[in-house]
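S.K.: Provided herewith: coords-v1.cif, mmCIF, C-alpha atoms and all ligand atoms.
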```cif
data_my_file
loop_
_atom_site.label_atom_id
_atom_site.label_comp_id
_atom_site.auth_asym_id
_atom_site.auth_seq_id
_atom_site.Cartn_x
_atom_site.Cartn_y
_atom_site.Cartn_z
CA MET K 7 130.76 87.58 105.96
CA ARG K 8 127.16 88.48 105.15
CA LEU K 9 126.15 88.07 108.78
CA ASN K 10 128.97 90.31 110.00
CA GLY K 11 128.01 93.06 107.59
CA GLU K 12 124.39 92.69 108.61
CA ARG K 13 125.25 92.92 112.33
CA LEU K 14 127.52 95.88 111.83
CA LEU K 15 124.83 97.74 109.91
CA ALA K 16 122.23 96.99 112.59
CA TRP K 17 124.51 98.31 115.33
CA ALA K 18 125.42 101.38 113.29
CA MET K 19 121.75 102.15 112.65
CA GLY K 20 120.83 101.65 116.31
CA PHE K 21 123.62 103.98 117.30
CA ALA K 22 122.55 106.50 114.64
CA ILE K 23 118.96 106.53 115.96
CA ILE K 24 120.19 107.25 119.49
CA ALA K 25 122.67 109.86 118.27
CA GLY K 26 119.92 111.45 116.15
CA GLY K 27 117.60 111.54 119.16
CA VAL K 28 120.25 113.10 121.39
CA SER K 29 121.26 115.69 118.75
CA GLY K 30 117.66 116.63 118.00
CA TYR K 31 116.99 116.85 121.72
CA TRP K 32 119.90 119.21 122.45
CA TRP K 33 120.24 121.25 119.31
CA GLY K 34 116.58 121.35 118.31
CA ASP K 35 115.86 123.55 115.33
CA ALA K 36 119.52 123.71 114.26
CA MET K 37 119.34 120.01 113.33
CA GLN K 38 116.98 120.85 110.50
CA SER K 39 120.11 121.65 108.56
CA VAL K 40 120.70 117.89 108.14
CA ALA K 41 117.11 117.20 107.03
CA TRP K 42 118.22 116.96 103.40
CA LEU K 43 120.39 113.93 104.20
CA GLY K 44 117.36 112.14 105.60
CA GLN K 45 115.35 113.16 102.58
CA LEU K 46 118.06 111.82 100.31
CA PHE K 47 117.95 108.42 102.04
CA LEU K 48 114.16 108.31 102.00
CA THR K 49 113.85 109.32 98.36
CA THR K 50 116.49 106.82 97.27
CA LEU K 51 114.61 104.01 99.02
CA LYS K 52 111.30 105.15 97.54
CA MET K 53 112.86 105.10 94.09
CA LEU K 54 113.12 101.31 94.34
CA ILE K 55 109.58 100.61 95.54
CA VAL K 56 107.61 100.38 92.28
CA PRO K 57 110.12 98.27 90.29
CA LEU K 58 110.77 96.11 93.34
CA VAL K 59 107.10 95.47 94.08
CA ALA K 60 106.38 94.64 90.44
CA ALA K 61 109.40 92.37 90.01
CA SER K 62 108.90 90.71 93.36
CA ILE K 63 105.23 89.92 92.86
CA ILE K 64 105.59 88.81 89.24
CA SER K 65 108.56 86.52 89.90
CA GLY K 66 107.01 85.27 93.16
CA VAL K 67 103.60 84.47 91.71
CA ALA K 68 105.02 83.00 88.49
CA GLY K 69 107.25 80.79 90.66
CA LEU K 70 104.23 79.38 92.44
CA GLY K 71 103.38 77.36 89.37
CA ASP K 72 99.64 76.84 89.32
CA VAL K 73 96.70 78.94 90.34
CA ARG K 74 95.86 76.62 93.26
CA SER K 75 99.13 77.44 95.08
CA LEU K 76 98.43 81.12 94.50
CA GLY K 77 94.94 80.68 95.95
CA ARG K 78 96.35 78.86 98.98
CA MET K 79 99.02 81.46 99.65
CA GLY K 80 96.60 84.34 99.04
CA GLY K 81 94.00 82.76 101.31
CA LEU K 82 96.52 82.16 104.08
CA SER K 83 97.82 85.73 103.80
CA VAL K 84 94.36 87.23 104.09
CA ALA K 85 93.54 84.93 107.04
CA TYR K 86 96.77 85.89 108.82
CA TYR K 87 96.26 89.61 108.18
CA THR K 88 92.66 89.49 109.38
CA VAL K 89 93.39 87.58 112.59
CA THR K 90 96.39 89.67 113.63
CA THR K 91 94.66 92.95 112.77
CA PHE K 92 91.72 92.04 115.00
CA ILE K 93 94.08 90.97 117.80
CA ALA K 94 95.79 94.37 117.48
CA VAL K 95 92.56 96.37 117.63
CA THR K 96 91.38 94.32 120.61
CA ILE K 97 94.63 95.07 122.45
CA GLY K 98 94.10 98.76 121.60
CA LEU K 99 90.58 98.72 123.01
CA VAL K 100 91.73 96.99 126.20
CA MET K 101 94.57 99.50 126.66
CA ALA K 102 92.28 102.49 126.13
CA ASN K 103 89.80 101.12 128.65
CA LEU K 104 92.56 100.36 131.15
CA TRP K 105 94.48 103.64 130.87
CA GLN K 106 91.47 105.88 130.23
CA PRO K 107 93.87 108.34 128.56
CA GLY K 108 91.26 110.93 127.57
CA ILE K 109 89.67 111.46 130.97
CA GLY K 110 90.40 114.96 132.23
CA MET K 111 91.92 116.22 128.94
CA SER K 112 91.27 119.89 128.39
CA LEU K 113 89.77 120.65 124.99
CA GLY K 114 91.98 123.63 124.21
CA SER K 115 92.99 125.49 121.09
CA ASP K 116 94.29 122.33 119.38
CA LEU K 117 90.80 121.68 118.13
CA HIS K 118 91.09 124.28 115.40
CA ALA K 119 93.46 122.15 113.37
CA PRO K 120 92.15 121.33 109.88
CA ILE K 121 90.33 118.01 109.64
CA PRO K 122 92.00 115.60 107.24
CA LYS K 123 89.96 114.56 104.22
CA VAL K 124 89.61 110.91 103.28
CA GLY K 125 88.21 109.65 100.01
CA ASP K 126 85.18 107.40 99.88
CA VAL K 127 85.59 104.47 102.20
CA GLY K 128 82.69 102.04 101.74
CA VAL K 129 83.26 98.38 100.88
CA THR K 130 82.56 99.06 97.20
CA ASP K 131 85.14 101.88 97.24
CA LEU K 132 87.66 99.49 98.76
CA ILE K 133 87.02 97.04 95.92
CA LEU K 134 87.22 99.82 93.32
CA SER K 135 90.59 100.92 94.73
CA LEU K 136 92.02 97.56 93.61
CA VAL K 137 92.12 98.74 90.00
CA TYR K 138 93.35 101.87 88.28
CA PRO K 139 92.59 103.03 84.75
CA ASN K 140 96.22 103.46 83.78
CA ILE K 141 98.89 101.21 85.24
CA ILE K 142 101.70 103.61 84.33
CA ALA K 143 99.86 106.42 86.12
CA ALA K 144 99.38 104.09 89.11
CA ALA K 145 103.15 103.55 89.15
CA ALA K 146 103.78 107.27 88.85
CA ASP K 147 101.40 107.99 91.72
CA MET K 148 102.80 105.07 93.78
CA LYS K 149 99.39 103.47 94.09
CA LEU K 150 100.67 100.11 95.22
CA LEU K 151 97.43 98.18 95.57
CA PRO K 152 96.40 98.38 91.89
CA ILE K 153 99.99 97.64 90.88
CA ILE K 154 99.96 94.51 93.06
CA VAL K 155 96.62 93.36 91.62
CA PHE K 156 97.82 93.97 88.07
CA CYS K 157 101.07 92.07 88.71
CA ILE K 158 99.30 89.08 90.27
CA VAL K 159 96.97 88.75 87.28
CA PHE K 160 99.82 89.39 84.84
CA ALA K 161 101.97 86.69 86.45
CA ALA K 162 99.06 84.26 86.46
CA ALA K 163 98.56 84.95 82.74
CA LEU K 164 102.30 84.47 82.10
CA SER K 165 102.27 81.07 83.76
CA THR K 166 99.61 79.87 81.32
CA LEU K 167 101.90 80.65 78.36
CA GLY K 168 104.44 77.90 79.06
CA GLU K 169 107.70 78.32 77.11
CA ARG K 170 106.70 81.68 75.67
CA GLY K 171 106.17 83.18 79.09
CA ARG K 172 109.53 82.05 80.46
CA PRO K 173 111.78 84.86 79.12
CA VAL K 174 109.41 87.44 80.59
CA VAL K 175 109.52 85.75 84.01
CA ALA K 176 113.32 85.53 83.75
CA PHE K 177 113.41 89.27 83.05
CA PHE K 178 111.47 90.06 86.22
CA GLU K 179 113.61 87.64 88.23
CA GLY K 180 116.69 89.52 87.05
CA LEU K 181 115.04 92.85 87.81
CA ASN K 182 114.22 91.64 91.33
CA GLU K 183 117.82 90.56 91.98
CA ALA K 184 119.15 93.86 90.65
CA MET K 185 116.80 95.82 92.92
CA MET K 186 117.92 93.81 95.94
CA THR K 187 121.54 94.52 95.08
CA MET K 188 120.72 98.22 94.90
CA VAL K 189 119.11 97.96 98.35
CA HIS K 190 122.45 96.71 99.74
CA TRP K 191 124.25 99.65 98.20
CA ILE K 192 121.76 102.16 99.56
CA MET K 193 121.93 100.64 103.03
CA VAL K 194 125.58 101.62 103.31
CA PHE K 195 124.21 105.13 103.65
CA ALA K 196 121.42 104.10 106.08
CA PRO K 197 123.08 105.12 109.38
CA VAL K 198 123.60 108.68 108.09
CA GLY K 199 120.06 108.71 106.73
CA VAL K 200 118.34 107.56 109.90
CA PHE K 201 120.45 109.90 112.02
CA ALA K 202 119.36 112.84 109.88
CA LEU K 203 115.70 111.77 109.79
CA ILE K 204 115.42 111.46 113.56
CA ALA K 205 117.52 114.52 114.44
CA SER K 206 115.76 116.84 112.00
CA ARG K 207 112.27 115.64 112.93
CA LEU K 208 112.93 116.11 116.63
CA GLY K 209 114.42 119.49 115.73
CA ALA K 210 111.29 120.41 113.78
CA ALA K 211 109.21 119.47 116.83
CA GLY K 212 111.14 122.12 118.73
CA GLY K 213 113.87 119.99 120.32
CA GLY K 214 113.91 118.01 123.55
CA GLU K 215 112.09 120.35 125.88
CA ALA K 216 109.22 121.00 123.51
CA PHE K 217 108.96 117.26 122.75
CA MET K 218 108.86 116.40 126.44
CA ALA K 219 106.16 119.00 127.00
CA GLN K 220 104.13 117.52 124.12
CA ILE K 221 104.51 114.01 125.52
CA GLY K 222 103.75 115.32 129.01
CA GLY K 223 100.46 116.79 127.87
CA LEU K 224 99.50 113.47 126.32
CA ALA K 225 101.43 111.16 128.64
CA LYS K 226 98.67 108.66 129.29
CA TYR K 227 97.67 108.53 125.65
CA THR K 228 101.30 107.98 124.60
CA LEU K 229 101.63 105.23 127.19
CA ALA K 230 98.38 103.58 126.13
CA VAL K 231 99.51 103.45 122.49
CA THR K 232 103.12 102.43 123.12
CA SER K 233 102.31 99.79 125.74
CA GLY K 234 99.64 98.37 123.41
CA LEU K 235 102.17 98.24 120.57
CA LEU K 236 104.64 96.47 122.86
CA VAL K 237 102.06 93.88 123.88
CA HIS K 238 101.15 93.29 120.25
CA ALA K 239 104.81 92.93 119.30
CA MET K 240 105.09 90.25 121.99
CA VAL K 241 102.02 88.48 120.60
CA LEU K 242 103.69 88.50 117.16
CA CYS K 243 106.89 87.06 118.69
CA ALA K 244 104.81 84.29 120.27
CA LEU K 245 103.08 83.56 116.95
CA LEU K 246 106.47 83.41 115.25
CA ALA K 247 107.89 81.03 117.84
CA VAL K 248 104.86 78.74 117.97
CA LEU K 249 103.92 78.66 114.30
CA THR K 250 107.38 78.57 112.72
CA ARG K 251 109.56 77.15 115.56
CA ARG K 252 112.06 79.94 114.98
CA VAL K 253 114.33 81.48 117.60
CA VAL K 254 112.78 84.91 118.05
CA THR K 255 115.99 86.78 118.98
CA GLU K 256 117.76 85.40 115.93
CA TYR K 257 114.86 86.45 113.70
CA LEU K 258 114.83 89.91 115.25
CA GLY K 259 118.54 90.17 114.51
CA HIS K 260 117.77 89.73 110.81
CA VAL K 261 114.79 92.07 110.56
CA GLY K 262 116.19 94.68 112.99
CA THR K 263 117.45 96.97 110.23
CA ALA K 264 114.00 96.91 108.61
CA LEU K 265 112.31 97.82 111.90
CA MET K 266 114.76 100.68 112.44
CA THR K 267 114.20 101.91 108.89
CA ALA K 268 110.44 101.80 109.50
CA PHE K 269 110.86 103.74 112.73
CA SER K 270 113.05 106.38 111.09
CA THR K 271 111.04 106.85 107.91
CA ALA K 272 107.53 106.34 109.38
CA SER K 273 106.66 104.58 106.14
CA SER K 274 106.20 100.85 105.66
CA SER K 275 106.36 101.33 101.89
CA ALA K 276 109.71 103.12 102.07
CA ALA K 277 111.01 100.42 104.42
CA LEU K 278 109.82 97.61 102.10
CA PRO K 279 113.10 97.15 100.20
CA VAL K 280 114.96 96.80 103.51
CA THR K 281 112.23 94.53 104.91
CA MET K 282 112.63 92.23 101.92
CA ASP K 283 116.34 92.06 102.46
CA GLY K 284 115.97 91.28 106.18
CA VAL K 285 113.42 88.54 105.61
CA LYS K 286 115.65 87.05 102.93
CA ALA K 287 118.56 87.00 105.37
CA ALA K 288 116.27 85.29 107.91
CA GLY K 289 115.80 82.49 105.38
CA VAL K 290 112.06 82.92 104.85
CA ASP K 291 110.68 80.91 101.93
CA GLU K 292 111.36 82.85 98.75
CA LYS K 293 107.92 82.59 97.17
CA ALA K 294 106.15 83.66 100.34
CA ARG K 295 108.57 86.51 100.77
CA ARG K 296 108.11 87.83 97.26
CA PHE K 297 104.34 87.67 97.35
CA VAL K 298 103.37 88.19 100.99
CA LEU K 299 105.61 91.12 101.90
CA PRO K 300 104.53 93.68 99.27
CA LEU K 301 100.91 92.79 99.92
CA GLY K 302 101.43 93.06 103.67
CA ALA K 303 103.24 96.39 103.43
CA THR K 304 100.20 97.76 101.61
CA ILE K 305 97.24 96.32 103.48
CA ASN K 306 98.44 94.72 106.74
CA MET K 307 98.91 97.37 109.44
CA ASP K 308 98.59 95.99 112.94
CA GLY K 309 100.18 98.99 114.62
CA THR K 310 97.91 101.42 112.79
CA ALA K 311 94.80 99.39 113.66
CA LEU K 312 95.75 99.36 117.33
CA TYR K 313 96.44 103.07 117.32
CA GLU K 314 93.13 103.90 115.62
CA ALA K 315 91.26 102.09 118.39
CA VAL K 316 93.14 103.83 121.22
CA ALA K 317 92.81 107.21 119.53
CA ALA K 318 89.05 106.86 118.96
CA LEU K 319 88.43 105.95 122.58
CA PHE K 320 90.76 108.71 123.71
CA ILE K 321 88.72 111.28 121.79
CA ALA K 322 85.46 109.87 123.16
CA GLN K 323 86.79 110.09 126.71
CA ALA K 324 88.13 113.62 126.20
CA TYR K 325 84.69 114.76 125.06
CA GLY K 326 82.98 112.87 127.90
CA ILE K 327 81.17 110.59 125.46
CA ASP K 328 80.52 107.09 126.79
CA LEU K 329 80.86 104.44 124.12
CA SER K 330 78.65 101.40 124.60
CA LEU K 331 79.95 97.88 123.99
CA GLY K 332 78.15 97.89 120.63
CA GLN K 333 79.91 101.12 119.64
CA GLN K 334 83.26 99.71 120.75
CA ILE K 335 82.63 96.72 118.50
CA LEU K 336 81.95 99.18 115.68
CA VAL K 337 85.31 100.79 116.52
CA LEU K 338 86.87 97.31 116.28
CA VAL K 339 85.55 96.75 112.76
CA THR K 340 86.10 100.26 111.41
CA ALA K 341 89.61 100.54 112.91
CA ALA K 342 90.53 97.34 111.07
CA MET K 343 89.11 98.77 107.83
CA ALA K 344 90.80 102.12 108.37
CA ALA K 345 94.13 100.34 108.82
CA ILE K 346 93.66 98.37 105.59
CA GLY K 347 92.77 101.59 103.79
CA ALA K 348 95.77 103.51 105.16
CA ALA K 349 98.68 103.82 102.73
CA GLY K 350 102.16 102.88 103.96
CA ILE K 351 103.19 106.53 104.19
CA PRO K 352 103.77 108.87 107.16
CA GLU K 353 100.70 109.73 109.22
CA ALA K 354 98.28 107.98 106.85
CA GLY K 355 96.60 106.47 109.92
CA LEU K 356 95.73 109.91 111.21
CA VAL K 357 93.83 110.58 108.00
CA THR K 358 91.87 107.31 107.90
CA MET K 359 90.97 107.90 111.56
CA VAL K 360 88.06 109.92 110.16
CA ILE K 361 86.40 106.63 109.13
CA VAL K 362 86.32 105.39 112.73
CA LEU K 363 85.18 108.69 114.20
CA GLU K 364 82.39 109.08 111.67
CA ALA K 365 81.17 105.51 112.20
CA VAL K 366 80.61 106.01 115.91
CA GLY K 367 79.61 109.66 115.65
CA LEU K 368 82.60 111.19 117.44
CA PRO K 369 83.63 114.80 116.74
CA LEU K 370 86.18 114.96 113.92
CA GLU K 371 87.83 118.00 115.51
CA GLY K 372 89.07 115.57 118.17
CA ILE K 373 91.86 114.66 115.72
CA GLY K 374 93.39 118.00 116.64
CA LEU K 375 94.14 116.60 120.09
CA LEU K 376 96.36 113.89 118.61
CA LEU K 377 98.40 116.00 116.21
CA ALA K 378 101.21 117.18 118.47
CA ILE K 379 102.52 113.72 119.22
CA ASP K 380 101.46 111.85 116.10
CA TRP K 381 104.79 112.09 114.31
CA PHE K 382 106.36 110.09 117.15
CA LEU K 383 103.60 107.51 117.57
CA ASP K 384 103.54 107.10 113.78
CA ARG K 385 107.10 105.83 113.91
CA CYS K 386 106.32 103.36 116.67
CA ARG K 387 103.26 101.97 114.90
CA THR K 388 105.06 101.77 111.56
CA ALA K 389 107.75 99.56 113.14
CA VAL K 390 104.99 97.25 114.43
CA ASN K 391 103.29 97.30 111.02
CA VAL K 392 106.51 96.13 109.39
CA PHE K 393 107.17 93.53 112.08
CA GLY K 394 103.66 92.15 111.49
CA ASP K 395 104.42 91.84 107.77
CA THR K 396 107.67 89.99 108.35
CA VAL K 397 106.05 87.57 110.81
CA GLY K 398 103.25 87.01 108.29
CA ALA K 399 105.77 86.13 105.58
CA ALA K 400 107.60 83.74 107.95
CA VAL K 401 104.39 82.03 109.07
CA ILE K 402 102.97 81.67 105.56
CA GLY K 403 106.36 80.62 104.20
CA HIS K 404 106.56 77.93 106.87
CA ARG K 405 103.08 76.64 106.03
CA THR K 406 103.42 76.66 102.27
CA GLY K 407 107.19 76.36 101.77
CA SER K 408 108.83 73.48 100.00
N1 LIG K 501 102.97 105.41 108.68
C1 LIG K 501 102.29 104.15 108.72
C2 LIG K 501 102.94 103.17 107.78
O1 LIG K 501 103.53 103.55 106.81
C3 LIG K 501 100.83 104.28 108.44
C4 LIG K 501 100.18 105.06 109.55
O2 LIG K 501 100.15 106.27 109.50
O3 LIG K 501 99.72 104.44 110.51
O4 LIG K 501 102.89 101.99 108.00
#
```
Starting from the coordinates I provided, produce the structure as structure tokens.
Ligand code: ASP

M.R.:
Amino acid sequence: MRLNGERLLAWAMGFAIIAGGVSGYWWGDAMQSVAWLGQLFLTTLKMLIVPLVAASIISGVAGLGDVRSLGRMGGLSVAYYTVTTFIAVTIGLVMANLWQPGIGMSLGSDLHAPIPKVGDVGVTDLILSLVYPNIIAAAADMKLLPIIVFCIVFAAALSTLGERGRPVVAFFEGLNEAMMTMVHWIMVFAPVGVFALIASRLGAAGGGEAFMAQIGGLAKYTLAVTSGLLVHAMVLCALLAVLTRRVVTEYLGHVGTALMTAFSTASSSAALPVTMDGVKAAGVDEKARRFVLPLGATINMDGTALYEAVAALFIAQAYGIDLSLGQQILVLVTAAMAAIGAAGIPEAGLVTMVIVLEAVGLPLEGIGLLLAIDWFLDRCRTAVNVFGDTVGAAVIGHRTGS
């Protein structure tokens, strides 16, 4: 019964994405009239994020029992995120060197676009961003990283209380279940939501002809990013098959709705409730799922890392700047950091791109070259970000599961 509903929803969402694409293509601007339906879906999903992340982490970490299991799972998560992020950036660098997308680009009027501002981005700033002076304000501002840190420490403290801590854990377990039930209810509306999101965004981009012209102008760049993302997705499938002995197509069937939600919303945070549901249906170990997924949705962004590398090299090529091997290694490291620093919201990667460009001394105005097509590439990389998170949860669940 569950599987049938799941399949039906996946098909309906796939159909809605295609229908949204076709409608946005043909009717262009007119499709902006359905934008509010997409907004409604997006906002409803977002509404669940903070309570879901808190309940999921607290019940997941408290369920781990002792601090050693938490250390093991945390250590494995960080190791997995680091390895796959570096694989992603390396694929990005290879693609940019193979396709040479920036060679021959004309540096036209696009360069007058405003340069995005990023906050401070040193290692100490990264550490400082783990905490927030007021946890309620962090929740209100949807600052997920400090919420996650607070919840991990809170759950660890709860597990030292024995009997007295149990009712509190039970409360968060109940809250988690209730949130997941609400996700199911919201997903009934998902096909309409994704249709509206895709159709209205394509409409806002000026419809099919304008979109094709934008892609045409940046064809090689688009191909370099999308083919890199495809290769990385295949690497993730291989990791899943080898490290967890799962049947990849079956797993994809379960997480498909999450990937489509990520593609439609361009936000791994907004997709998180659906991702959790998909990974649950795939039978991933509960504790890994509750702990690894929220963390992954916040800091593990393979698609973004890959894109940052391609984009940096694209800008260098467009400006005729030759990057030495040493500078490309600097791109490797800073692109990984920029991806960790990017929030799971639309086009966050474009903003943290500044970190990479500044590190290797590339002109920040180059970001202007990427703007026209970024809304589309953002969706592609967000789907890969979310896929990376789900594979991480499956791998870590397999290694640590009971
Ligand atoms: N939109 C992406 C995400 O939410 C972040 C990015 O812009 O790359 O995962």

S.K.: Rounded to one decimal place, report the atom CA of Val392 of chain K-atom CA of Val200 of chain K distance in Å.

M.R.: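 Distance reported for this atom pair: 16.5 Å.
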
S.K.: Using all atoms listed in the file, which of K:Pro173, K:Gly223, K:Gly374, K:Gly394 sits nearest ligand LIG 501 (chain K)?

M.R.: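 The answer is K:Gly394, which sits nearest to ligand LIG 501 (chain K).
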
S.K.: Which residues are near ligand LIG 501 (chain K) in this structure, taking near to mean any atom at most 9 Å from a ligand atom and counting all atoms listed in the file? Format them as a PDB file with C-alpha atoms, in the coordinates of the input.

M.R.:
```
ATOM      1  CA  ALA K 268     110.440 101.800 109.500  1.00  0.00           C
ATOM      2  CA  THR K 271     111.040 106.850 107.910  1.00  0.00           C
ATOM      3  CA  ALA K 272     107.530 106.340 109.380  1.00  0.00           C
ATOM      4  CA  SER K 273     106.660 104.580 106.140  1.00  0.00           C
ATOM      5  CA  SER K 274     106.200 100.850 105.660  1.00  0.00           C
ATOM      6  CA  SER K 275     106.360 101.330 101.890  1.00  0.00           C
ATOM      7  CA  ALA K 276     109.710 103.120 102.070  1.00  0.00           C
ATOM      8  CA  ALA K 277     111.010 100.420 104.420  1.00  0.00           C
ATOM      9  CA  ALA K 303     103.240  96.390 103.430  1.00  0.00           C
ATOM     10  CA  THR K 304     100.200  97.760 101.610  1.00  0.00           C
ATOM     11  CA  ASN K 306      98.440  94.720 106.740  1.00  0.00           C
ATOM     12  CA  MET K 307      98.910  97.370 109.440  1.00  0.00           C
ATOM     13  CA  ASP K 308      98.590  95.990 112.940  1.00  0.00           C
ATOM     14  CA  GLY K 309     100.180  98.990 114.620  1.00  0.00           C
ATOM     15  CA  THR K 310      97.910 101.420 112.790  1.00  0.00           C
ATOM     16  CA  ALA K 311      94.800  99.390 113.660  1.00  0.00           C
ATOM     17  CA  TYR K 313      96.440 103.070 117.320  1.00  0.00           C
ATOM     18  CA  GLU K 314      93.130 103.900 115.620  1.00  0.00           C
ATOM     19  CA  ALA K 345      94.130 100.340 108.820  1.00  0.00           C
ATOM     20  CA  ALA K 348      95.770 103.510 105.160  1.00  0.00           C
ATOM     21  CA  ALA K 349      98.680 103.820 102.730  1.00  0.00           C
ATOM     22  CA  GLY K 350     102.160 102.880 103.960  1.00  0.00           C
ATOM     23  CA  ILE K 351     103.190 106.530 104.190  1.00  0.00           C
ATOM     24  CA  PRO K 352     103.770 108.870 107.160  1.00  0.00           C
ATOM     25  CA  GLU K 353     100.700 109.730 109.220  1.00  0.00           C
ATOM     26  CA  ALA K 354      98.280 107.980 106.850  1.00  0.00           C
ATOM     27  CA  GLY K 355      96.600 106.470 109.920  1.00  0.00           C
ATOM     28  CA  LEU K 356      95.730 109.910 111.210  1.00  0.00           C
ATOM     29  CA  VAL K 357      93.830 110.580 108.000  1.00  0.00           C
ATOM     30  CA  THR K 358      91.870 107.310 107.900  1.00  0.00           C
ATOM     31  CA  ASP K 380     101.460 111.850 116.100  1.00  0.00           C
ATOM     32  CA  TRP K 381     104.790 112.090 114.310  1.00  0.00           C
ATOM     33  CA  LEU K 383     103.600 107.510 117.570  1.00  0.00           C
ATOM     34  CA  ASP K 384     103.540 107.100 113.780  1.00  0.00           C
ATOM     35  CA  ARG K 385     107.100 105.830 113.910  1.00  0.00           C
ATOM     36  CA  CYS K 386     106.320 103.360 116.670  1.00  0.00           C
ATOM     37  CA  ARG K 387     103.260 101.970 114.900  1.00  0.00           C
ATOM     38  CA  THR K 388     105.060 101.770 111.560  1.00  0.00           C
ATOM     39  CA  ALA K 389     107.750  99.560 113.140  1.00  0.00           C
ATOM     40  CA  VAL K 390     104.990  97.250 114.430  1.00  0.00           C
ATOM     41  CA  ASN K 391     103.290  97.300 111.020  1.00  0.00           C
ATOM     42  CA  VAL K 392     106.510  96.130 109.390  1.00  0.00           C
TER      43      VAL K 392
END
```

S.K.: I'd like the interatomic distance between atom CA of Lys286 of chain K and atom CA of Val397 of chain K, to a tenth of an Å.

M.R.: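 For atom CA of Lys286 of chain K relative to atom CA of Val397 of chain K, the distance reads 12.4 Å.
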
S.K.: Tell me, in Å to one decimal, how far atom CA of Gln334 of chain K is from atom CA of Leu229 of chain K.

M.R.: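 Rounded to one decimal, the two atoms are 20.2 Å apart.
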
S.K.: With distances taken over all atoms listed in the file, which residue among K:Ile63, K:Ala145, K:Met359, K:Met266 lies nearest Ala161 of chain K?

M.R.: K:Ile63

S.K.: Excluding Ser65 of chain K and its own-chain neighbours fewer than 3 positions away, which residues fall within 8 Å of it when counting only C-alpha atoms? Please give them as a list in words.

M.R.: Ala61, Ser62, Ala68, Gly69, Ala161, Val175, Ala176, Phe178, Glu179, Asn182 and Arg296 of chain K
